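Quick look at my_file_5.csv (CSV, C-alpha atoms):
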chain,number,residue,atom,x,y,z
P,613,MET,CA,-31.3,0.1,36.9
P,614,ALA,CA,-32.8,0.5,33.5
P,615,SER,CA,-32.7,-2.5,31.2
P,616,TYR,CA,-30.5,-2.7,28.1
P,617,SER,CA,-33.4,-2.2,25.7
P,618,SER,CA,-34.6,0.9,27.7
P,619,ARG,CA,-31.1,2.4,27.5
P,620,VAL,CA,-30.9,1.8,23.8
P,621,ARG,CA,-34.3,3.4,23.2
P,622,THR,CA,-33.1,6.4,25.2
P,623,ASP,CA,-29.9,6.6,23.1
P,624,ILE,CA,-32.0,6.4,19.9
P,625,GLU,CA,-34.0,9.4,20.9
P,626,ARG,CA,-30.9,11.3,21.8
P,627,TRP,CA,-29.2,10.4,18.5
P,628,THR,CA,-32.3,11.5,16.6
P,629,ALA,CA,-32.5,14.8,18.4
P,630,SER,CA,-28.8,15.4,17.8
P,631,GLY,CA,-29.1,14.7,14.1
P,632,LEU,CA,-26.8,11.7,14.2
P,633,ILE,CA,-29.4,9.4,12.6
P,634,ASP,CA,-32.5,10.1,10.6
P,635,ALA,CA,-36.1,9.1,11.4
P,636,SER,CA,-36.1,6.0,9.2
P,637,THR,CA,-32.9,4.7,10.8
P,638,ALA,CA,-34.3,5.4,14.3
P,639,GLU,CA,-37.5,3.5,13.5
P,640,ALA,CA,-35.5,0.5,12.1
P,641,LEU,CA,-33.4,0.5,15.3
P,642,ARG,CA,-36.5,0.6,17.5
P,643,ARG,CA,-38.0,-2.4,15.6
P,644,ASP,CA,-34.8,-4.4,16.0
P,645,VAL,CA,-34.7,-3.6,19.8
P,646,GLU,CA,-38.3,-4.7,20.2
P,647,ALA,CA,-37.8,-7.9,18.2
P,648,ASN,CA,-34.8,-8.9,20.3
P,649,ASP,CA,-36.4,-7.8,23.5
P,650,ARG,CA,-39.3,-10.1,23.0
P,651,ARG,CA,-37.0,-13.1,22.8
P,652,SER,CA,-35.4,-12.4,26.2
P,653,LEU,CA,-36.6,-14.0,29.4
P,654,SER,CA,-39.7,-12.4,30.8
P,655,PHE,CA,-40.7,-12.5,34.5
P,656,GLY,CA,-43.4,-15.1,33.7
P,657,ALA,CA,-40.9,-17.3,32.0
P,658,ILE,CA,-38.6,-17.1,35.0
P,659,LEU,CA,-41.4,-18.1,37.3
P,660,ALA,CA,-42.3,-21.0,35.1
P,661,MET,CA,-38.7,-22.2,35.2
P,662,MET,CA,-38.7,-22.0,38.9
P,663,ALA,CA,-42.0,-23.8,39.2
P,664,ALA,CA,-40.6,-26.6,36.9
P,665,LEU,CA,-37.5,-27.0,39.1
P,666,LEU,CA,-39.6,-27.1,42.3
P,667,PHE,CA,-41.9,-29.7,40.7
P,668,GLY,CA,-39.0,-31.9,39.8
P,669,ALA,CA,-37.5,-31.5,43.3
P,670,ALA,CA,-40.9,-32.5,44.8
P,671,ILE,CA,-41.0,-35.6,42.7
P,672,LEU,CA,-37.5,-36.7,43.7
P,673,ILE,CA,-38.2,-36.0,47.4
P,674,PHE,CA,-41.5,-38.0,47.2
P,675,VAL,CA,-39.8,-40.9,45.6
P,676,ALA,CA,-36.9,-40.8,48.1
P,677,ALA,CA,-39.3,-40.5,51.1
P,678,ASN,CA,-41.4,-43.6,49.9
P,679,TRP,CA,-38.3,-45.5,48.6
P,680,GLU,CA,-38.6,-48.4,50.9
P,681,ALA,CA,-42.3,-48.8,50.5
P,682,LEU,CA,-42.1,-49.0,46.7
P,683,PRO,CA,-41.2,-52.2,44.8
P,684,ARG,CA,-37.9,-52.2,42.9
P,685,PRO,CA,-39.5,-52.1,39.4
P,686,VAL,CA,-41.6,-49.2,40.5
P,687,ARG,CA,-38.6,-47.3,41.8
P,688,VAL,CA,-36.6,-47.8,38.6
P,689,GLY,CA,-39.6,-47.0,36.5
P,690,ALA,CA,-40.3,-43.8,38.4
P,691,LEU,CA,-36.8,-42.6,37.8
P,692,PHE,CA,-36.9,-43.3,34.1
P,693,VAL,CA,-40.3,-41.6,33.8
P,694,VAL,CA,-39.0,-38.4,35.4
P,695,ILE,CA,-35.9,-38.5,33.1
P,696,PHE,CA,-38.0,-39.3,30.0
P,697,ILE,CA,-40.6,-36.6,30.7
P,698,GLY,CA,-37.9,-34.1,31.4
P,699,TYR,CA,-35.8,-34.5,28.3
P,700,VAL,CA,-38.6,-35.3,25.8
P,701,GLY,CA,-41.1,-32.8,27.3
P,702,GLY,CA,-38.4,-30.2,27.4
P,703,ALA,CA,-37.6,-30.7,23.7
P,704,VAL,CA,-41.2,-30.5,22.7
P,705,LEU,CA,-41.8,-27.3,24.7
P,706,LYS,CA,-38.6,-25.7,23.3
P,707,ASN,CA,-39.7,-26.5,19.7
P,708,ARG,CA,-43.0,-24.9,20.5
P,709,ASP,CA,-41.3,-21.6,21.4
P,710,HIS,CA,-41.2,-22.1,25.1
P,711,PRO,CA,-37.4,-22.3,25.5
P,712,ALA,CA,-37.2,-21.3,29.2
P,713,ILE,CA,-39.6,-24.0,30.4
P,714,GLY,CA,-38.0,-26.5,28.1
P,715,GLU,CA,-34.5,-25.8,29.4
P,716,ALA,CA,-35.9,-26.0,33.0
P,717,LEU,CA,-37.3,-29.5,32.3
P,718,TRP,CA,-33.9,-30.6,30.9
P,719,ILE,CA,-32.3,-29.4,34.2
P,720,VAL,CA,-34.9,-31.4,36.1
P,721,ALA,CA,-34.1,-34.5,34.0
P,722,ALA,CA,-30.3,-34.0,34.6
P,723,ALA,CA,-31.0,-33.8,38.4
P,724,ALA,CA,-33.1,-36.9,38.2
P,725,PHE,CA,-30.3,-38.7,36.4
P,726,GLY,CA,-27.9,-37.8,39.2
P,727,GLY,CA,-30.4,-38.8,41.9
P,728,GLY,CA,-31.1,-42.1,40.0
P,729,ILE,CA,-27.4,-43.0,40.0
P,730,ALA,CA,-27.2,-42.6,43.8
P,731,LEU,CA,-30.5,-44.3,44.5
P,732,VAL,CA,-29.9,-47.3,42.2
P,733,GLY,CA,-26.4,-47.8,43.5
P,734,GLN,CA,-27.8,-47.8,47.1
P,735,MET,CA,-30.6,-50.1,46.1
P,736,TYR,CA,-28.5,-52.8,44.4
P,737,HIS,CA,-25.4,-52.2,46.6
P,738,LEU,CA,-23.2,-51.5,43.6
P,739,THR,CA,-19.5,-51.2,44.3
P,740,GLY,CA,-17.8,-47.9,43.7
P,741,ASP,CA,-17.2,-44.5,45.4
P,742,GLU,CA,-19.1,-41.2,45.3
P,743,SER,CA,-16.4,-39.7,43.1
P,744,SER,CA,-17.1,-42.2,40.3
P,745,ALA,CA,-20.9,-41.6,40.6
P,746,VAL,CA,-20.4,-37.8,40.3
P,747,LEU,CA,-18.2,-38.3,37.2
P,748,THR,CA,-20.8,-40.5,35.7
P,749,TRP,CA,-23.4,-37.8,36.4
P,750,CYS,CA,-21.2,-35.2,34.8
P,751,ALA,CA,-20.6,-37.3,31.7
P,752,GLY,CA,-24.3,-38.1,31.3
P,753,THR,CA,-25.3,-34.4,31.6
P,754,ALA,CA,-22.6,-33.4,29.1
P,755,LEU,CA,-23.8,-36.1,26.7
P,756,ALA,CA,-27.4,-34.7,27.0
P,757,ALA,CA,-26.0,-31.2,26.4
P,758,VAL,CA,-24.4,-32.5,23.1
P,759,LEU,CA,-27.5,-34.2,21.9
P,760,LEU,CA,-29.8,-31.4,22.8
P,761,ARG,CA,-27.3,-28.6,22.1
P,762,SER,CA,-28.2,-27.1,25.4
P,763,GLY,CA,-26.3,-24.2,27.0
P,764,PRO,CA,-27.8,-24.6,30.4
P,765,LEU,CA,-27.0,-28.3,30.5
P,766,THR,CA,-23.4,-27.4,29.6
P,767,VAL,CA,-23.4,-25.1,32.6
P,768,ALA,CA,-24.9,-27.8,34.8
P,769,ALA,CA,-22.2,-30.3,33.7
P,770,THR,CA,-19.5,-27.7,34.5
P,771,GLY,CA,-21.1,-27.2,38.0
P,772,ILE,CA,-21.1,-30.9,38.6
P,773,ALA,CA,-17.4,-31.1,37.6
P,774,ASP,CA,-16.7,-28.3,40.1
P,775,GLY,CA,-18.5,-30.2,42.7
P,776,TRP,CA,-16.4,-33.3,41.9
P,777,LEU,CA,-13.2,-31.2,42.3
P,778,VAL,CA,-14.3,-30.0,45.7
P,779,MET,CA,-15.5,-33.4,46.8
P,780,SER,CA,-12.2,-35.0,45.6
P,781,LEU,CA,-10.2,-32.6,47.7
P,782,LEU,CA,-12.3,-32.6,50.8
P,783,GLY,CA,-13.8,-36.1,50.7
P,784,GLY,CA,-13.3,-38.0,53.8
P,785,PHE,CA,-12.1,-34.9,55.6
P,786,LYS,CA,-8.5,-35.4,54.3
P,787,LEU,CA,-5.9,-32.7,54.2
P,788,PHE,CA,-4.4,-31.7,50.9
P,789,GLY,CA,-1.1,-33.4,51.5
P,790,GLN,CA,-2.7,-36.8,52.3
P,791,MET,CA,-4.2,-37.5,48.9
P,792,GLU,CA,-3.4,-37.4,45.2
P,793,PHE,CA,-4.5,-34.1,43.6
P,794,PRO,CA,-7.3,-34.5,41.0
P,795,HIS,CA,-5.6,-33.5,37.9
P,796,LEU,CA,-8.3,-35.1,35.9
P,797,PHE,CA,-10.3,-31.9,36.4
P,798,VAL,CA,-8.1,-30.1,33.8
P,799,ALA,CA,-9.0,-32.7,31.1
P,800,ILE,CA,-12.7,-32.4,32.1
P,801,ALA,CA,-12.5,-28.6,31.8
P,802,VAL,CA,-10.9,-28.8,28.4
P,803,VAL,CA,-13.6,-31.2,27.1
P,804,LEU,CA,-16.4,-29.0,28.5
P,805,PHE,CA,-14.8,-25.9,27.1
P,806,ALA,CA,-14.8,-27.5,23.6
P,807,LEU,CA,-18.4,-28.7,24.2
P,808,SER,CA,-19.5,-25.1,25.0
P,809,TYR,CA,-18.7,-24.0,21.4
P,810,TRP,CA,-21.2,-26.6,20.1
P,811,THR,CA,-23.9,-25.6,22.6
P,812,ARG,CA,-23.1,-21.9,22.2
P,813,SER,CA,-22.8,-21.5,25.9
P,814,ARG,CA,-20.7,-18.4,26.7
P,815,ALA,CA,-21.7,-18.7,30.4
P,816,ALA,CA,-20.2,-22.2,30.6
P,817,ARG,CA,-16.9,-20.8,29.2
P,818,HIS,CA,-16.9,-18.1,31.8
P,819,LEU,CA,-17.5,-20.6,34.6
P,820,ILE,CA,-14.8,-23.0,33.3
P,821,LEU,CA,-12.2,-20.2,33.3
P,822,LEU,CA,-13.1,-19.2,36.8
P,823,SER,CA,-13.0,-22.9,37.9
P,824,LEU,CA,-9.5,-23.3,36.4
P,825,ILE,CA,-8.3,-20.3,38.3
P,826,ALA,CA,-9.7,-21.8,41.5
P,827,TYR,CA,-8.0,-25.1,40.6
P,828,VAL,CA,-4.6,-23.5,40.2
P,829,GLY,CA,-5.1,-21.7,43.5
P,830,LEU,CA,-6.0,-25.0,45.3
P,831,TYR,CA,-3.0,-26.8,43.6
P,832,ALA,CA,-0.7,-24.0,44.8
P,833,MET,CA,-1.9,-24.6,48.3
P,834,ASP,CA,-1.1,-28.3,47.9
P,835,ARG,CA,2.3,-27.9,46.3
P,836,ASP,CA,4.9,-25.1,45.8
P,837,VAL,CA,3.0,-21.9,46.1
P,838,LEU,CA,5.6,-19.5,44.6
P,839,GLN,CA,6.3,-21.4,41.4
P,840,ILE,CA,2.7,-22.0,40.6
P,841,ALA,CA,1.7,-18.4,41.6
P,842,PHE,CA,4.4,-16.9,39.4
P,843,ALA,CA,3.2,-19.1,36.5
P,844,LEU,CA,-0.4,-18.0,37.1
P,845,VAL,CA,0.6,-14.4,37.1
P,846,ALA,CA,2.7,-14.8,33.9
P,847,VAL,CA,0.0,-16.6,32.0
P,848,SER,CA,-2.7,-14.2,33.1
P,849,ALA,CA,-0.6,-11.2,32.1
P,850,GLY,CA,0.1,-12.8,28.7
P,851,LEU,CA,-3.6,-13.5,28.1
P,852,PHE,CA,-4.5,-9.9,29.2
P,853,ALA,CA,-1.9,-8.4,26.8
P,854,ALA,CA,-3.2,-10.6,23.9
P,855,ALA,CA,-6.8,-9.7,24.6
P,856,VAL,CA,-6.0,-6.0,24.7
P,857,PHE,CA,-3.5,-5.6,21.8
P,858,VAL,CA,-4.9,-8.3,19.4
P,859,PRO,CA,-8.6,-8.5,20.5
P,860,GLU,CA,-10.2,-9.7,17.3
P,861,PRO,CA,-8.1,-12.9,16.8
P,862,VAL,CA,-8.3,-13.7,20.5
P,863,GLU,CA,-12.1,-13.2,20.7
P,864,ASN,CA,-12.6,-15.3,17.6
P,865,VAL,CA,-11.0,-18.2,19.6
P,866,VAL,CA,-12.3,-17.8,23.1
P,867,ARG,CA,-15.7,-16.2,22.2
P,868,LEU,CA,-16.2,-14.6,25.6
P,869,GLY,CA,-17.8,-11.4,24.5
P,870,GLY,CA,-14.6,-9.4,25.0
P,871,ARG,CA,-14.4,-10.4,28.7
P,872,LEU,CA,-11.2,-12.3,28.6
P,873,PRO,CA,-9.3,-9.4,30.3
P,874,VAL,CA,-11.6,-9.7,33.3
P,875,HIS,CA,-10.6,-13.4,33.8
P,876,ALA,CA,-7.0,-12.5,33.2
P,877,LEU,CA,-7.2,-9.8,35.8
P,878,ILE,CA,-8.8,-12.2,38.3
P,879,GLY,CA,-6.0,-14.7,37.6
P,880,PHE,CA,-3.3,-12.1,38.0
P,881,LEU,CA,-4.7,-10.9,41.3
P,882,THR,CA,-5.1,-14.4,42.6
P,883,GLY,CA,-1.5,-15.2,41.8
P,884,MET,CA,-0.2,-11.9,43.3
P,885,ALA,CA,-2.2,-12.5,46.5
P,886,MET,CA,-0.6,-16.0,46.9
P,887,ILE,CA,2.8,-14.4,46.4
P,888,GLN,CA,2.1,-11.7,49.0
P,889,PHE,CA,0.9,-14.2,51.5
P,890,THR,CA,4.1,-16.1,51.1
P,891,PHE,CA,6.2,-13.0,51.8
P,892,ALA,CA,3.8,-11.7,54.5
P,893,ASP,CA,6.5,-12.1,57.2
P,894,GLU,CA,8.8,-9.7,55.4
P,895,THR,CA,7.8,-6.1,56.1
P,896,GLY,CA,10.9,-4.1,55.0
P,897,ALA,CA,10.8,-1.5,52.3
P,898,ASP,CA,12.8,-3.7,50.0
P,899,SER,CA,11.1,-6.9,51.1
P,900,GLY,CA,9.4,-9.4,48.8
P,901,PHE,CA,6.0,-8.4,50.1
P,902,ALA,CA,6.6,-4.7,49.3
P,903,MET,CA,7.7,-5.6,45.8
P,904,ALA,CA,4.8,-7.9,45.2
P,905,SER,CA,2.4,-5.3,46.5
P,906,ALA,CA,3.9,-2.7,44.2
P,907,VAL,CA,3.5,-5.0,41.2
P,908,ALA,CA,-0.1,-5.8,42.2
P,909,LEU,CA,-1.0,-2.1,42.4
P,910,ALA,CA,0.8,-1.4,39.1
P,911,GLY,CA,-1.0,-4.3,37.5
P,912,ILE,CA,-4.4,-3.0,38.7
P,913,ALA,CA,-3.6,0.5,37.4
P,914,ALA,CA,-2.4,-0.9,34.0
P,915,ALA,CA,-5.6,-3.0,33.7
P,916,ILE,CA,-7.8,0.1,34.2
P,917,VAL,CA,-5.8,2.2,31.8
P,918,LEU,CA,-5.7,-0.5,29.0
P,919,ALA,CA,-9.1,-2.1,29.3
P,920,GLY,CA,-11.1,-0.3,32.0
P,921,ARG,CA,-12.8,2.1,29.6
P,922,GLU,CA,-14.4,-0.7,27.7
P,923,SER,CA,-15.4,-3.0,30.5
P,924,ARG,CA,-17.4,-2.1,33.6
P,925,GLY,CA,-16.9,-5.6,35.1
P,926,LEU,CA,-13.1,-5.2,34.8
P,927,ARG,CA,-13.3,-1.8,36.6
P,928,TRP,CA,-15.2,-3.4,39.4
P,929,ILE,CA,-12.7,-6.2,39.7
P,930,ALA,CA,-9.9,-3.7,39.7
P,931,TYR,CA,-11.6,-1.6,42.4
P,932,ILE,CA,-12.2,-4.6,44.6
P,933,GLY,CA,-8.6,-5.8,44.0
P,934,PHE,CA,-7.3,-2.3,44.9
P,935,ALA,CA,-9.4,-2.3,48.1
P,936,PHE,CA,-8.1,-5.8,49.0
P,937,GLU,CA,-4.5,-4.6,48.4
P,938,LEU,CA,-4.9,-1.6,50.7
P,939,VAL,CA,-6.4,-3.8,53.5
P,940,LEU,CA,-3.7,-6.5,53.1
P,941,ILE,CA,-0.9,-4.0,53.1
P,942,TYR,CA,-2.3,-2.3,56.2
P,943,LEU,CA,-2.7,-5.7,58.1
P,944,VAL,CA,0.8,-6.9,57.2
P,945,THR,CA,2.6,-3.7,57.9
P,946,MET,CA,0.5,-2.3,60.7
P,947,GLN,CA,3.4,-2.8,63.1
P,948,SER,CA,5.4,-0.3,61.2
P,949,MET,CA,2.9,2.5,60.7
P,950,LEU,CA,5.5,4.9,59.4
P,951,GLY,CA,6.5,2.5,56.6
P,952,THR,CA,2.8,1.9,55.8
P,953,ALA,CA,2.1,5.6,55.5
P,954,GLY,CA,5.2,6.2,53.3
P,955,PHE,CA,4.1,3.3,51.0
P,956,PHE,CA,0.5,4.7,50.8
P,957,LEU,CA,1.9,8.2,50.2
P,958,ALA,CA,4.1,7.1,47.3
P,959,ALA,CA,1.3,5.0,45.8
P,960,ALA,CA,-1.1,7.9,46.1
P,961,ILE,CA,1.4,10.3,44.3
P,962,ILE,CA,2.0,7.8,41.5
P,963,LEU,CA,-1.7,7.1,41.0
P,964,ALA,CA,-2.5,10.8,41.1
P,965,ILE,CA,0.1,11.5,38.4
P,966,LEU,CA,-1.3,8.6,36.4
P,967,ALA,CA,-4.9,9.8,36.8
P,968,PHE,CA,-3.9,13.3,35.6
P,969,ALA,CA,-2.1,11.9,32.5
P,970,ILE,CA,-5.1,9.7,31.7
P,971,ILE,CA,-7.6,12.6,32.0
P,972,ARG,CA,-5.4,14.7,29.7
P,973,ILE,CA,-5.1,11.9,27.1
P,974,GLU,CA,-8.9,11.2,27.2
P,975,LYS,CA,-9.6,14.9,26.6
P,976,ARG,CA,-7.3,15.0,23.6
P,977,TRP,CA,-9.1,11.9,22.3
P,978,ALA,CA,-12.5,13.4,22.8
P,979,VAL,CA,-11.8,16.6,20.9
P,980,PRO,CA,-11.2,14.9,17.5
P,981,ALA,CA,-14.1,12.6,18.0
P,982,ALA,CA,-16.4,15.6,18.7
P,983,LYS,CA,-15.2,17.4,15.6
P,984,GLY,CA,-15.7,14.3,13.5
P,985,ALA,CA,-19.3,13.9,14.8
Rendering of file as structure tokens:
Amino acid sequence: MASYSSRVRTDIERWTASGLIDASTAEALRRDVEANDRRSLSFGAILAMMAALLFGAAILIFVAANWEALPRPVRVGALFVVIFIGYVGGAVLKNRDHPAIGEALWIVAAAAFGGGIALVGQMYHLTGDESSAVLTWCAGTALAAVLLRSGPLTVAATGIADGWLVMSLLGGFKLFGQMEFPHLFVAIAVVLFALSYWTRSRAARHLILLSLIAYVGLYAMDRDVLQIAFALVAVSAGLFAAAVFVPEPVENVVRLGGRLPVHALIGFLTGMAMIQFTFADETGADSGFAMASAVALAGIAAAIVLAGRESRGLRWIAYIGFAFELVLIYLVTMQSMLGTAGFFLAAAIILAILAFAIIRIEKRWAVPAAKGA
């Protein structure tokens, strides 16, 4: 697949040949593409980042392997040296126009900080549980992200928070109903989402939204599935509508590069799947499962119509969701093959009519655009 810069250069050539832009404009666009392309990660920078991560892992493993043979002051000193070199060395390299290596060293320092918490707690037999240690690790990484204004550290803190959520639910091999649900994760997610604006980390915001969807799904498994699933569907549909019909104000708030509809569609499909599984035992034409399936398919079609043209990611999510719906409907209603065939036939006719209407509308839109060009 061609890179973004290659595609833009091809488009510039096509625009110039078509007379849409003049030669001076084309040259200015080429210079801008080249300038921004040089600031992107090169293959060498990626290898350097991987080497730094492996080097940091080697140091931690060496210290852990020789932990008992090292005196306590040496142990603590080694941890502080790794953390100091990671953060300070990363800052120096980033200021010297080596951002990839600098960020990699910061990740190494954050990993060393987490390993240090565990090793020091073990060494001095400190009281506390693993959950508190992971929260401390997350807070320390988030603080480093604030001080260094680092997007990758913000993503790392979010990943640690996700790990804490999973560990809190599965720690000690307890079932959901035997423990208090970790609602603290919502507060952590809100803080990290606010922090991502300061560190300019769009990737962290994407990860946080996906994590919140997973949190709601896990909470629904622990509590009343239907009420929470309906709430997730309603909120997701509302966010999707806001992102589609008033995109600029919404984007000014969330700053997701116009991809809020993708997250909203994922939330919608997650909620509808939970509703469908709840009504899976009902297979009649007027059953809750049939109605939920129809709503899910209609939602997928509406998402493609309203936002699919502008987002390839949304189209792929919609296609995957559509395939999942077909498989689920078949598995649930396979005992009544005639009913399944009738449902698929009705859905196919509706989608065919919808596709015909969309094609006609797109053709009507394309004609004025071509005349204007």
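Atom pair CA of Val758 in chain P / CA of Val704 in chain P has a distance of 16.9 Å (rounded to one decimal).
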Looking at only C-alpha atoms, which of P:Phe891, P:Phe880, P:Trp718, P:Trp776 is the one that sits closest to Val746 in chain P?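 Counting only C-alpha atoms, the residue closest to Val746 in chain P is P:Trp776.
Checking P:Leu926, P:Ala935, P:Ala629, P:Val944 one by one against Phe901 in chain P, counting only C-alpha atoms, you find the shortest gap at P:Val944.
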May I have the residues within 8 Å of Gln888 in chain P as a compact mmCIF listing (two decimals) with C-alpha atoms, in the frame of the given file, using all atoms listed in the file and disregarding those fewer than 6 positions away in the same chain?
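New file result31.txt:
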# COMPACT_ATOMS: atom_id res chain seq x y z
CA GLY P 900 9.40 -9.40 48.80
CA PHE P 901 6.00 -8.40 50.10
CA ALA P 904 4.80 -7.90 45.20
CA SER P 905 2.40 -5.30 46.50
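Rounded to one decimal, CA of Val720 in chain P and CA of Val693 in chain P lie 11.8 Å from each other.
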Quick one, how far is CA of Arg814 in chain P from CA of Val865 in chain P?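 So the answer is 12.0 Å.
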Write out as an NGL selection string each polymer residue whose atoms come within 10 Å of Val778 in chain P, counting only C-alpha atoms; drop sequence neighbours fewer than 5 positions from it. :P and (772-773 or 783 or 794 or 827 or 830)
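Near Gly714 in chain P, within 10 Å and counting all atoms listed in the file, sit Ala660, Met661, Ala664, Gly698, Tyr699, Val700, Gly701, Gly702, Ala703, Val704, Leu705, Lys706, Asn707, Arg708 and Val720 of chain P; same-chain residues fewer than 6 positions away were not included.
These residues, each with an atom at most 12 Å from (-23.7, -36.3, 27.1) using all atoms listed in the file, are Ala722, Phe725, Leu747, Thr748, Trp749, Cys750, Ala751, Gly752, Thr753, Ala754, Leu755, Ala756, Ala757, Val758, Leu759, Leu760, Arg761, Ser762, Leu765, Thr766, Ala768, Ala769, Val803, Leu804, Leu807 and Thr811 of chain P.
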Could you add the missing atoms to range 771-785 of chain P, up to N, CA and C atoms, and return them as a PDB file, in the frame of the given file?
ATOM      1  N   GLY P 771     -20.869 -27.237  36.517  1.00  0.00           N
ATOM      2  CA  GLY P 771     -21.100 -27.200  38.000  1.00  0.00           C
ATOM      3  C   GLY P 771     -20.895 -28.501  38.648  1.00  0.00           C
ATOM      4  N   ILE P 772     -21.312 -29.592  38.003  1.00  0.00           N
ATOM      5  CA  ILE P 772     -21.100 -30.900  38.600  1.00  0.00           C
ATOM      6  C   ILE P 772     -19.612 -31.242  38.641  1.00  0.00           C
ATOM      7  N   ALA P 773     -18.871 -30.861  37.581  1.00  0.00           N
ATOM      8  CA  ALA P 773     -17.400 -31.100  37.600  1.00  0.00           C
ATOM      9  C   ALA P 773     -16.764 -30.286  38.715  1.00  0.00           C
ATOM     10  N   ASP P 774     -17.221 -29.061  38.946  1.00  0.00           N
ATOM     11  CA  ASP P 774     -16.700 -28.300  40.100  1.00  0.00           C
ATOM     12  C   ASP P 774     -16.985 -28.957  41.397  1.00  0.00           C
ATOM     13  N   GLY P 775     -18.190 -29.487  41.522  1.00  0.00           N
ATOM     14  CA  GLY P 775     -18.500 -30.200  42.700  1.00  0.00           C
ATOM     15  C   GLY P 775     -17.645 -31.430  42.940  1.00  0.00           C
ATOM     16  N   TRP P 776     -17.333 -32.123  41.824  1.00  0.00           N
ATOM     17  CA  TRP P 776     -16.400 -33.300  41.900  1.00  0.00           C
ATOM     18  C   TRP P 776     -15.061 -32.869  42.377  1.00  0.00           C
ATOM     19  N   LEU P 777     -14.567 -31.717  41.884  1.00  0.00           N
ATOM     20  CA  LEU P 777     -13.200 -31.200  42.300  1.00  0.00           C
ATOM     21  C   LEU P 777     -13.211 -30.974  43.797  1.00  0.00           C
ATOM     22  N   VAL P 778     -14.212 -30.266  44.287  1.00  0.00           N
ATOM     23  CA  VAL P 778     -14.300 -30.000  45.700  1.00  0.00           C
ATOM     24  C   VAL P 778     -14.390 -31.231  46.541  1.00  0.00           C
ATOM     25  N   MET P 779     -15.255 -32.142  46.078  1.00  0.00           N
ATOM     26  CA  MET P 779     -15.500 -33.400  46.800  1.00  0.00           C
ATOM     27  C   MET P 779     -14.195 -34.239  46.817  1.00  0.00           C
ATOM     28  N   SER P 780     -13.448 -34.219  45.707  1.00  0.00           N
ATOM     29  CA  SER P 780     -12.200 -35.000  45.600  1.00  0.00           C
ATOM     30  C   SER P 780     -11.174 -34.467  46.603  1.00  0.00           C
ATOM     31  N   LEU P 781     -11.163 -33.153  46.813  1.00  0.00           N
ATOM     32  CA  LEU P 781     -10.200 -32.600  47.700  1.00  0.00           C
ATOM     33  C   LEU P 781     -10.586 -32.687  49.180  1.00  0.00           C
ATOM     34  N   LEU P 782     -11.877 -32.581  49.451  1.00  0.00           N
ATOM     35  CA  LEU P 782     -12.300 -32.600  50.800  1.00  0.00           C
ATOM     36  C   LEU P 782     -13.013 -33.865  51.254  1.00  0.00           C
ATOM     37  N   GLY P 783     -13.171 -34.811  50.335  1.00  0.00           N
ATOM     38  CA  GLY P 783     -13.800 -36.100  50.700  1.00  0.00           C
ATOM     39  C   GLY P 783     -13.114 -36.820  51.758  1.00  0.00           C
ATOM     40  N   GLY P 784     -13.874 -37.314  52.707  1.00  0.00           N
ATOM     41  CA  GLY P 784     -13.300 -38.000  53.800  1.00  0.00           C
ATOM     42  C   GLY P 784     -12.526 -37.163  54.787  1.00  0.00           C
ATOM     43  N   PHE P 785     -12.715 -35.853  54.680  1.00  0.00           N
ATOM     44  CA  PHE P 785     -12.100 -34.900  55.600  1.00  0.00           C
ATOM     45  C   PHE P 785     -10.548 -35.048  55.587  1.00  0.00           C
TER      46      PHE P 785
END
